[in-house]
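This report concerns only the one structure given below.
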Amino acid sequence: MSKQAMRAQTASLEVSCVSDLKSFVSLEKEWNTLVTTHNDQLFMRHEFLCAWYESFSPNGDIQVLTARSGDGRLVAALPLMSERGSIRGIPLRQTVALANRHSCRFDMIAEDPVEAGKAFFSYLASRQDWDVLRIVDVPEGGQAWHLYNAAVAAGFPVGTWAGQRSPFLELPDSEEGLQDRVSSQQRSNARRRLRQMEKKAAVSVERLPATDLKAVLDDFFKVESSGWKGRKGTACEQDEQTRSFYTRLADVAAEREWLSLFRLTLDGQTIAFHYGLTYGKSYLLPKLAYHEAFSDVSPGLVLMHEVIRDCISRQLNRVEFLGSDDEWKLRWSRTVLPHHWLYIFRDNLKGRLLQKVKFGWRKAAA
């Protein structure tokens, strides 16, 4: 056993903590096999997590939990990291998900989620190097809830926050079927705005090939930073880590044919852009941008409608808007997937105090 890995025998599973990047990288093949077989989400794939770690926390203290069966197979995984933090000024040691707001979604990956949740919790409970365990944006019904349930059963202080509610649109087999999924007014507005554009200049909507990717991404970053995100300082262009992540992710996605970049141009000028990903039978939309100077013809609306049409033609099953339930997304679909932040506190005086500060006092004040 390496110095970077700590192991604990828990029930029928052997739990290990991988704490160096090299060892984590070596897990890629069996990690992705586990994902595609038991919790097939792009956000939990090894490539996605590596792109995230190398961009946002290259020197972070990773604590990737893995569980193996008696015959040595990887049967569960939970990518975590350790860091210092505080709750209302109280310093603490926290073990957190290998994720942030750009991760869109996070979860445990397990062949048997109930058994894995118990095994991972038992292992974590045996360690004394954390005060709080925080797992962000777990989808309702996600596997990580079994870790939380194991903590509840053991009597540990816990709590949950309601996270983002991410809209999604189940796609019909044909465009005609959209009339049962999307309001006629929304579809009519999109077509009318497109006609208005066509009267002004030459309009082009294209799903871009993954060639000259740097130039294409530069175009996207430029459009995004030209609007309100640029004014608020939240555009990819304005943060080196964020730009690095979306660039790395695009490179990986292009190699694996997941990348779906859409561009709307008016007389050759980009006025709307989708940084999209196609995974399985779903179109995922982590980033989009439009040029505010053309807001009178609603470029975002027009591009979204054309992208949905393209997804139907490719026989995809779903469009996932990701993120929060912004009003523009709800105009396309009011069906949402709730996410939650899960907190587990150490079962000691400090842990109970932290839980009270984070959750108890809030309820008392309500």
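Going by the structure tokens order, chains are called A, B, ..., each with residues numbered from 1, while ligands are numbered from 1 in the order shown.
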
- Item | Polymer residues at most 10 Å from Ala144 in chain A, only C-alpha atoms, same-chain spacing of 6 or more positions, as a PyMOL selection string | chain A and resi 78+106-110+113-114+116-117+135-136+138+342

- Task: Excluding Ala202 in chain A and any residue of its chain fewer than 3 positions from it, enumerate the residues within 8 Å of it, using only C-alpha atoms, and give them as an NGL selection string.
- Result: :A and (197-198 or 266-268)

- DSSP on the backbone: what in range 74-215 of chain A comes out helix (DSSP H, G or I), as a ChimeraX atom specification? /A:101-103,113-126,145-153,175-180,184-200,213-215

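Excluding Lys118 in chain A and any residue on its chain fewer than 5 positions from it, the residues at most 8 Å away by only C-alpha atoms are A:His146, A:Leu147, A:Ala150.
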
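Counting only C-alpha atoms and comparing A:Val302, A:Ile271, A:Val216, A:Leu194, the residue that lies closest to Ala250 in chain A is A:Val216.
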
- Among range 6-128 of chain A, which residues carry a DSSP assignment of strand (DSSP E), reported as a VMD selection string? chain A and resid 6 to 10 13 to 18 61 to 68 74 to 87 90 to 97 109 to 110

- Message: Need to verify the contact set: Pro139 in chain A, 10 Å, only C-alpha atoms, exclusion of same-chain residues closer than 3 positions in sequence. Can you return it as a PyMOL selection string?
- Response: chain A and resi 104-107+136+142-145+163-166+337-341

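One finds CA of Ser225 in chain A at 26.6 Å from CA of Glu47 in chain A.
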
Per-residue nearest contacts range 5-71 of chain A to range 252-264 of chain A, cut-off 10 Å, using only C-alpha atoms, as JSON lines:
{"residue": "A:Leu42", "atom": "CA", "partner": "A:Trp258", "partner_atom": "CA", "distance": 9.5}
{"residue": "A:Glu47", "atom": "CA", "partner": "A:Val252", "partner_atom": "CA", "distance": 7.1}
{"residue": "A:Phe48", "atom": "CA", "partner": "A:Val252", "partner_atom": "CA", "distance": 8.1}
{"residue": "A:Ala51", "atom": "CA", "partner": "A:Val252", "partner_atom": "CA", "distance": 8.4}

- Query: Near Ile90 in chain A, within 10 Å and counting only C-alpha atoms, which residues show up once chain neighbours fewer than 6 positions away are dropped, as a PyMOL selection string?
  - Reply: chain A and resi 350+353-354+357

- Task: Excluding Gly233 in chain A and any residue of its chain fewer than 6 positions from it, enumerate the residues within 12 Å of it, using only C-alpha atoms, and give them as a ChimeraX atom specification.
- Result: /A:224-227,239,242

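Taking CA of Leu133 in chain A and CA of Asn348 in chain A as endpoints, the distance between them is 13.8 Å.
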
- Message: Would you pick out the contacts of Leu285 in chain A at 10 Å or less, using only C-alpha atoms, so that residues sharing its chain but fewer than 3 positions from it are not included, and give the list as an MDAnalysis selection string?
- Response: chainID A and resid 104 260:261 274:278 282 288 319:323

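In this comparison, which uses only C-alpha atoms, the residue of A:Val297, A:Leu316, A:Ala76, A:Leu98 approaching Lys199 in chain A most closely is A:Val297.
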
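Between CA of Pro167 in chain A and CA of Pro286 in chain A the separation is 12.2 Å.
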